[in-house]
>>> print(open('protein_23.pdb').read())   # PDB, C-alpha atoms
MODEL        1
ATOM      1  CA  MET A   1      40.091  35.990 -12.075  1.00  0.00           C
ATOM      2  CA  VAL A   2      39.346  33.980  -8.958  1.00  0.00           C
ATOM      3  CA  ILE A   3      36.279  36.100  -8.422  1.00  0.00           C
ATOM      4  CA  ALA A   4      35.002  35.246 -11.895  1.00  0.00           C
ATOM      5  CA  VAL A   5      35.470  31.523 -11.326  1.00  0.00           C
ATOM      6  CA  MET A   6      33.759  31.685  -7.955  1.00  0.00           C
ATOM      7  CA  SER A   7      30.840  33.583  -9.385  1.00  0.00           C
ATOM      8  CA  LEU A   8      30.301  30.843 -11.987  1.00  0.00           C
ATOM      9  CA  TRP A   9      30.200  28.156  -9.328  1.00  0.00           C
ATOM     10  CA  SER A  10      27.149  27.757  -7.164  1.00  0.00           C
ATOM     11  CA  PRO A  11      25.776  24.830  -5.161  1.00  0.00           C
ATOM     12  CA  GLY A  12      22.882  24.591  -7.593  1.00  0.00           C
ATOM     13  CA  ALA A  13      25.281  24.153 -10.503  1.00  0.00           C
ATOM     14  CA  LEU A  14      26.509  20.851  -9.087  1.00  0.00           C
ATOM     15  CA  ALA A  15      22.967  19.540  -8.708  1.00  0.00           C
ATOM     16  CA  GLN A  16      22.403  20.190 -12.418  1.00  0.00           C
ATOM     17  CA  SER A  17      25.297  17.981 -13.507  1.00  0.00           C
ATOM     18  CA  PRO A  18      24.327  15.434 -16.179  1.00  0.00           C
ATOM     19  CA  PHE A  19      25.798  12.734 -13.963  1.00  0.00           C
ATOM     20  CA  ASP A  20      23.507  13.750 -11.113  1.00  0.00           C
ATOM     21  CA  THR A  21      20.521  13.627 -13.440  1.00  0.00           C
ATOM     22  CA  ILE A  22      21.502  10.153 -14.670  1.00  0.00           C
ATOM     23  CA  SER A  23      22.124   8.914 -11.128  1.00  0.00           C
ATOM     24  CA  LYS A  24      18.775  10.255  -9.950  1.00  0.00           C
ATOM     25  CA  ALA A  25      16.973   8.696 -12.922  1.00  0.00           C
ATOM     26  CA  ALA A  26      18.638   5.334 -12.236  1.00  0.00           C
ATOM     27  CA  ALA A  27      17.741   5.537  -8.546  1.00  0.00           C
ATOM     28  CA  ASP A  28      14.144   6.489  -9.379  1.00  0.00           C
ATOM     29  CA  ALA A  29      13.903   3.606 -11.872  1.00  0.00           C
ATOM     30  CA  GLY A  30      15.261   1.220  -9.248  1.00  0.00           C
ATOM     31  CA  LYS A  31      12.769   2.491  -6.681  1.00  0.00           C
ATOM     32  CA  GLY A  32       9.969   2.226  -9.234  1.00  0.00           C
ATOM     33  CA  GLU A  33      10.868  -1.383  -9.936  1.00  0.00           C
ATOM     34  CA  VAL A  34      11.029  -2.163  -6.215  1.00  0.00           C
ATOM     35  CA  GLU A  35       7.678  -0.400  -5.688  1.00  0.00           C
ATOM     36  CA  LYS A  36       6.141  -2.549  -8.439  1.00  0.00           C
ATOM     37  CA  LYS A  37       7.521  -5.791  -6.973  1.00  0.00           C
ATOM     38  CA  VAL A  38       6.533  -4.851  -3.434  1.00  0.00           C
ATOM     39  CA  ASN A  39       2.995  -3.985  -4.550  1.00  0.00           C
ATOM     40  CA  GLU A  40       2.634  -7.278  -6.437  1.00  0.00           C
ATOM     41  CA  LYS A  41       3.677  -9.177  -3.307  1.00  0.00           C
ATOM     42  CA  LEU A  42       1.432  -7.125  -0.994  1.00  0.00           C
ATOM     43  CA  LEU A  43      -1.574  -7.542  -3.274  1.00  0.00           C
ATOM     44  CA  GLN A  44      -0.950 -11.296  -3.451  1.00  0.00           C
ATOM     45  CA  GLU A  45      -0.621 -11.572   0.342  1.00  0.00           C
ATOM     46  CA  ALA A  46      -3.772  -9.520   0.922  1.00  0.00           C
ATOM     47  CA  ARG A  47      -5.741 -11.712  -1.483  1.00  0.00           C
ATOM     48  CA  LYS A  48      -4.541 -14.884   0.266  1.00  0.00           C
ATOM     49  CA  ASN A  49      -5.190 -13.464   3.723  1.00  0.00           C
ATOM     50  CA  GLN A  50      -8.601 -11.814   3.537  1.00  0.00           C
ATOM     51  CA  CYS A  51     -10.272 -11.458   6.905  1.00  0.00           C
ATOM     52  CA  SER A  52     -14.035 -11.658   7.073  1.00  0.00           C
ATOM     53  CA  PHE A  53     -16.184  -9.060   8.772  1.00  0.00           C
ATOM     54  CA  LYS A  54     -19.477  -9.478  10.540  1.00  0.00           C
ATOM     55  CA  SER A  55     -22.241  -8.569   8.121  1.00  0.00           C
ATOM     56  CA  GLY A  56     -22.756  -4.841   7.691  1.00  0.00           C
ATOM     57  CA  THR A  57     -20.048  -3.915  10.227  1.00  0.00           C
ATOM     58  CA  ALA A  58     -16.329  -3.232  10.492  1.00  0.00           C
ATOM     59  CA  GLU A  59     -15.984  -5.877  13.211  1.00  0.00           C
ATOM     60  CA  LEU A  60     -13.715  -8.772  12.318  1.00  0.00           C
ATOM     61  CA  ALA A  61     -15.235 -12.225  12.276  1.00  0.00           C
ATOM     62  CA  PRO A  62     -13.431 -14.840  14.388  1.00  0.00           C
ATOM     63  CA  GLY A  63     -10.443 -16.707  12.981  1.00  0.00           C
ATOM     64  CA  CYS A  64      -8.409 -13.872  11.521  1.00  0.00           C
ATOM     65  CA  ASP A  65      -5.328 -13.853  13.748  1.00  0.00           C
ATOM     66  CA  THR A  66      -3.121 -16.057  11.532  1.00  0.00           C
ATOM     67  CA  LYS A  67      -4.013 -14.034   8.445  1.00  0.00           C
ATOM     68  CA  LEU A  68      -3.142 -10.774  10.197  1.00  0.00           C
ATOM     69  CA  LYS A  69       0.195 -12.215  11.326  1.00  0.00           C
ATOM     70  CA  LYS A  70       0.980 -13.121   7.699  1.00  0.00           C
ATOM     71  CA  LEU A  71       0.010  -9.642   6.518  1.00  0.00           C
ATOM     72  CA  THR A  72       2.201  -8.063   9.194  1.00  0.00           C
ATOM     73  CA  SER A  73       5.102 -10.249   8.114  1.00  0.00           C
ATOM     74  CA  ALA A  74       4.566  -9.222   4.478  1.00  0.00           C
ATOM     75  CA  LEU A  75       4.660  -5.540   5.467  1.00  0.00           C
ATOM     76  CA  VAL A  76       7.836  -6.016   7.515  1.00  0.00           C
ATOM     77  CA  ASP A  77       9.471  -7.708   4.502  1.00  0.00           C
ATOM     78  CA  ALA A  78       8.273  -4.878   2.246  1.00  0.00           C
ATOM     79  CA  LYS A  79       9.741  -2.285   4.616  1.00  0.00           C
ATOM     80  CA  ARG A  80      13.066  -4.123   4.557  1.00  0.00           C
ATOM     81  CA  GLN A  81      13.093  -4.121   0.745  1.00  0.00           C
ATOM     82  CA  LEU A  82      12.142  -0.470   0.497  1.00  0.00           C
ATOM     83  CA  ASP A  83      14.682   0.618   3.095  1.00  0.00           C
ATOM     84  CA  SER A  84      17.441  -1.280   1.275  1.00  0.00           C
ATOM     85  CA  THR A  85      16.831   0.849  -1.830  1.00  0.00           C
ATOM     86  CA  GLY A  86      16.968   4.089   0.108  1.00  0.00           C
ATOM     87  CA  ALA A  87      13.218   4.684  -0.171  1.00  0.00           C
ATOM     88  CA  HIS A  88      12.265   6.081   3.199  1.00  0.00           C
ATOM     89  CA  ALA A  89       9.347   8.369   2.316  1.00  0.00           C
ATOM     90  CA  TYR A  90       6.590   5.814   1.814  1.00  0.00           C
ATOM     91  CA  LYS A  91       3.237   4.864   3.257  1.00  0.00           C
ATOM     92  CA  PHE A  92       1.352   1.632   3.157  1.00  0.00           C
ATOM     93  CA  GLU A  93      -2.256   2.044   2.089  1.00  0.00           C
ATOM     94  CA  VAL A  94      -4.996  -0.355   3.081  1.00  0.00           C
ATOM     95  CA  SER A  95      -7.947   0.221   0.773  1.00  0.00           C
ATOM     96  CA  GLY A  96     -11.353  -1.147   1.653  1.00  0.00           C
ATOM     97  CA  HIS A  97     -13.754  -2.216  -1.100  1.00  0.00           C
ATOM     98  CA  THR A  98     -17.434  -3.079  -0.895  1.00  0.00           C
ATOM     99  CA  ASP A  99     -20.052  -4.202  -3.351  1.00  0.00           C
ATOM    100  CA  PRO A 100     -22.434  -1.529  -4.668  1.00  0.00           C
ATOM    101  CA  ALA A 101     -25.088  -2.353  -2.089  1.00  0.00           C
ATOM    102  CA  LYS A 102     -22.709  -1.207   0.669  1.00  0.00           C
ATOM    103  CA  ASN A 103     -21.298   2.239   1.207  1.00  0.00           C
ATOM    104  CA  LYS A 104     -17.948   3.961   1.055  1.00  0.00           C
ATOM    105  CA  THR A 105     -17.987   4.725   4.779  1.00  0.00           C
ATOM    106  CA  LEU A 106     -18.179   1.036   5.647  1.00  0.00           C
ATOM    107  CA  SER A 107     -15.276   0.269   3.306  1.00  0.00           C
ATOM    108  CA  GLU A 108     -13.160   2.906   5.060  1.00  0.00           C
ATOM    109  CA  GLN A 109     -14.147   1.610   8.495  1.00  0.00           C
ATOM    110  CA  ARG A 110     -13.125  -1.915   7.490  1.00  0.00           C
ATOM    111  CA  ALA A 111      -9.818  -0.666   6.084  1.00  0.00           C
ATOM    112  CA  GLN A 112      -9.241   1.190   9.361  1.00  0.00           C
ATOM    113  CA  THR A 113      -9.926  -2.003  11.320  1.00  0.00           C
ATOM    114  CA  ILE A 114      -7.187  -3.763   9.340  1.00  0.00           C
ATOM    115  CA  VAL A 115      -4.829  -0.808   9.862  1.00  0.00           C
ATOM    116  CA  ASN A 116      -5.509  -0.883  13.624  1.00  0.00           C
ATOM    117  CA  GLU A 117      -4.791  -4.602  13.740  1.00  0.00           C
ATOM    118  CA  LEU A 118      -1.525  -4.215  11.800  1.00  0.00           C
ATOM    119  CA  VAL A 119      -0.431  -1.323  14.027  1.00  0.00           C
ATOM    120  CA  ALA A 120      -1.200  -3.449  17.105  1.00  0.00           C
ATOM    121  CA  ARG A 121       1.142  -6.084  15.633  1.00  0.00           C
ATOM    122  CA  GLY A 122       4.057  -3.666  15.165  1.00  0.00           C
ATOM    123  CA  ILE A 123       3.557  -1.655  11.978  1.00  0.00           C
ATOM    124  CA  GLY A 124       4.243   2.017  12.706  1.00  0.00           C
ATOM    125  CA  LYS A 125       1.095   4.124  12.974  1.00  0.00           C
ATOM    126  CA  GLY A 126       2.683   6.814  10.798  1.00  0.00           C
ATOM    127  CA  GLU A 127       3.564   4.276   8.090  1.00  0.00           C
ATOM    128  CA  ILE A 128       0.064   3.095   7.199  1.00  0.00           C
ATOM    129  CA  ILE A 129      -3.243   4.676   6.238  1.00  0.00           C
ATOM    130  CA  ALA A 130      -6.792   3.488   5.564  1.00  0.00           C
ATOM    131  CA  VAL A 131      -8.765   4.506   2.488  1.00  0.00           C
ATOM    132  CA  GLY A 132     -12.365   3.653   1.678  1.00  0.00           C
ATOM    133  CA  ARG A 133     -13.004   3.010  -1.993  1.00  0.00           C
ATOM    134  CA  GLY A 134     -16.540   1.624  -1.783  1.00  0.00           C
ATOM    135  CA  SER A 135     -17.403   0.104  -5.155  1.00  0.00           C
ATOM    136  CA  GLU A 136     -15.086   2.364  -7.200  1.00  0.00           C
ATOM    137  CA  ALA A 137     -12.735  -0.460  -8.208  1.00  0.00           C
ATOM    138  CA  MET A 138     -14.814  -3.584  -8.641  1.00  0.00           C
ATOM    139  CA  LEU A 139     -12.954  -6.769  -9.567  1.00  0.00           C
ATOM    140  CA  VAL A 140     -16.032  -8.401 -11.069  1.00  0.00           C
ATOM    141  CA  LYS A 141     -18.684  -6.704 -13.213  1.00  0.00           C
ATOM    142  CA  PRO A 142     -21.594  -7.037 -13.279  1.00  0.00           C
ATOM    143  CA  ASP A 143     -21.917  -7.587  -9.568  1.00  0.00           C
ATOM    144  CA  ASP A 144     -25.073  -9.668  -9.900  1.00  0.00           C
ATOM    145  CA  THR A 145     -24.480 -12.848  -7.894  1.00  0.00           C
ATOM    146  CA  PRO A 146     -23.529 -13.505  -4.258  1.00  0.00           C
ATOM    147  CA  ALA A 147     -20.159 -14.947  -5.383  1.00  0.00           C
ATOM    148  CA  LYS A 148     -19.343 -11.871  -7.472  1.00  0.00           C
ATOM    149  CA  LYS A 149     -20.376  -9.564  -4.649  1.00  0.00           C
ATOM    150  CA  GLN A 150     -18.111 -11.479  -2.279  1.00  0.00           C
ATOM    151  CA  LYS A 151     -15.125 -10.971  -4.622  1.00  0.00           C
ATOM    152  CA  ASN A 152     -15.739  -7.236  -4.623  1.00  0.00           C
ATOM    153  CA  ARG A 153     -15.821  -7.091  -0.804  1.00  0.00           C
ATOM    154  CA  ARG A 154     -12.146  -7.034   0.031  1.00  0.00           C
ATOM    155  CA  TYR A 155      -9.185  -4.991   1.148  1.00  0.00           C
ATOM    156  CA  GLU A 156      -5.946  -4.434  -0.685  1.00  0.00           C
ATOM    157  CA  ILE A 157      -2.573  -3.270   0.536  1.00  0.00           C
ATOM    158  CA  ARG A 158      -0.136  -1.158  -1.480  1.00  0.00           C
ATOM    159  CA  VAL A 159       2.879   0.998  -0.852  1.00  0.00           C
ATOM    160  CA  ARG A 160       2.964   4.583  -2.063  1.00  0.00           C
ATOM    161  CA  LEU A 161       6.358   6.190  -2.601  1.00  0.00           C
TER     162      LEU A 161
ENDMDL
END
>>> encode(input="protein_23.pdb", output="structure tokens")
Amino acid sequence: MVIAVMSLWSPGALAQSPFDTISKAAADAGKGEVEKKVNEKLLQEARKNQCSFKSGTAELAPGCDTKLKKLTSALVDAKRQLDSTGAHAYKFEVSGHTDPAKNKTLSEQRAQTIVNELVARGIGKGEIIAVGRGSEAMLVKPDDTPAKKQKNRRYEIRVRL
């Protein structure tokens, strides 16, 4: 009889418990909500703290240090929030965007410049990546005036769980 009971029990059986499923769903929902809030805050901070680049290059224009310090602080706060929810497998993504006249390579180079600056200020190199999006995700369409083009030249920061 003991053998029969032992054969019914397996470590996988415990993982399939309805309570485990509910707990995991609640934890995932909590992480999803935190991810949403963190991304809203990071997007807001990136929009407020846009660094300019020298025309046609990935070289930062002067006067960006304070903005980069604020972005670093926002990422440190985001890490604290994520860690408090038990989310440890995440990456920050800096996406570079350009207007259609520019290219995807330049957008990636600019994103990488921001990543390098954030890493130099204490963000872990393994915690952050650069992605070039070119003109894939324009904020303003049509992109037919200098002001609209300027809005489309930007970088955004998000967390990916």
>>> closest_residue(input="protein_23.pdb", among="A:Ala61, A:Lys125, A:Ser107, A:Pro100", to="Asp143 in chain A", atoms="only C-alpha atoms")
A:Pro100
>>> resolve_selection(input="protein_23.pdb", expression="the PyMOL selection byres ((chain A and resi 139) around 7)", output="PDB file with C-alpha atoms, keeping the file's coordinate frame")
ATOM      1  CA  ALA A 137     -12.735  -0.460  -8.208  1.00  0.00           C
ATOM      2  CA  MET A 138     -14.814  -3.584  -8.641  1.00  0.00           C
ATOM      3  CA  VAL A 140     -16.032  -8.401 -11.069  1.00  0.00           C
ATOM      4  CA  LYS A 141     -18.684  -6.704 -13.213  1.00  0.00           C
ATOM      5  CA  LYS A 151     -15.125 -10.971  -4.622  1.00  0.00           C
ATOM      6  CA  ASN A 152     -15.739  -7.236  -4.623  1.00  0.00           C
TER       7      ASN A 152
END
>>> atom_distance(input="protein_23.pdb", atom1="CA of Thr113 in chain A", atom2="CA of Arg154 in chain A")
12.6 Å
>>> axis_aligned_box(input="protein_23.pdb", around="range 132-139 of chain A", padding_each_side="8 Å", output="AutoDock Vina command-line options")
--center_x -14.9 --center_y -1.6 --center_z -3.9 --size_x 21.0 --size_y 26.4 --size_z 27.2
>>> resolve_selection(input="protein_23.pdb", expression="the PyMOL selection byres ((chain A and resi 159) around 7)", output="number ranges by chain")
A: 35, 39, 90-93, 158, 160-161
>>> atom_distance(input="protein_23.pdb", atom1="CA of Asn116 in chain A", atom2="CA of Lys48 in chain A")
19.4 Å
>>> closest_residue(input="protein_23.pdb", among="A:Thr85, A:Asp65, A:Gln44, A:Asp99", to="Ala147 in chain A", atoms="only C-alpha atoms")
A:Asp99
>>> atom_distance(input="protein_23.pdb", atom1="CA of Arg80 in chain A", atom2="CA of Ser95 in chain A")
21.8 Å
>>> resolve_selection(input="protein_23.pdb", expression="the PyMOL selection byres ((chain A and resi 64) around 10)", output="mmCIF file with C-alpha atoms, in the coordinates of the input")
data_model
loop_
_atom_site.group_PDB
_atom_site.id
_atom_site.type_symbol
_atom_site.label_atom_id
_atom_site.label_comp_id
_atom_site.auth_asym_id
_atom_site.auth_seq_id
_atom_site.Cartn_x
_atom_site.Cartn_y
_atom_site.Cartn_z
ATOM 1 C CA ASN A 49 -5.190 -13.464 3.723
ATOM 2 C CA GLN A 50 -8.601 -11.814 3.537
ATOM 3 C CA CYS A 51 -10.272 -11.458 6.905
ATOM 4 C CA SER A 52 -14.035 -11.658 7.073
ATOM 5 C CA PHE A 53 -16.184 -9.060 8.772
ATOM 6 C CA LEU A 60 -13.715 -8.772 12.318
ATOM 7 C CA ALA A 61 -15.235 -12.225 12.276
ATOM 8 C CA PRO A 62 -13.431 -14.840 14.388
ATOM 9 C CA GLY A 63 -10.443 -16.707 12.981
ATOM 10 C CA ASP A 65 -5.328 -13.853 13.748
ATOM 11 C CA THR A 66 -3.121 -16.057 11.532
ATOM 12 C CA LYS A 67 -4.013 -14.034 8.445
ATOM 13 C CA LEU A 68 -3.142 -10.774 10.197
ATOM 14 C CA LYS A 69 0.195 -12.215 11.326
#
>>> closest_residue(input="protein_23.pdb", among="A:Glu156, A:Glu40, A:Glu33, A:Glu59", to="Leu106 in chain A", atoms="only C-alpha atoms")
A:Glu59
>>> closest_residue(input="protein_23.pdb", among="A:Ile157, A:Ile128, A:Leu42, A:Ala111", to="Thr57 in chain A", atoms="all atoms listed in the file")
A:Ala111
>>> closest_residue(input="protein_23.pdb", among="A:Leu43, A:Thr105, A:Asp83, A:Leu75", to="Gly56 in chain A", atoms="all atoms listed in the file")
A:Thr105
>>> closest_residue(input="protein_23.pdb", among="A:Val115, A:Ile123, A:Val38, A:Ala130", to="Leu82 in chain A", atoms="all atoms listed in the file")
A:Val38
>>> residues_around(input="protein_23.pdb", residues="range 131-134 of chain A", least_positions_apart="6", cutoff="6 Å", atoms="all atoms listed in the file", output="short mmCIF file (atom, residue, chain, number, x, y, z; two decimals) with C-alpha atoms, in the frame of the given file")
data_model
loop_
_atom_site.label_atom_id
_atom_site.label_comp_id
_atom_site.auth_asym_id
_atom_site.auth_seq_id
_atom_site.Cartn_x
_atom_site.Cartn_y
_atom_site.Cartn_z
CA SER A 95 -7.95 0.22 0.77
CA GLY A 96 -11.35 -1.15 1.65
CA HIS A 97 -13.75 -2.22 -1.10
CA THR A 98 -17.43 -3.08 -0.90
CA ASN A 103 -21.30 2.24 1.21
CA LYS A 104 -17.95 3.96 1.06
CA SER A 107 -15.28 0.27 3.31
CA GLU A 108 -13.16 2.91 5.06
#
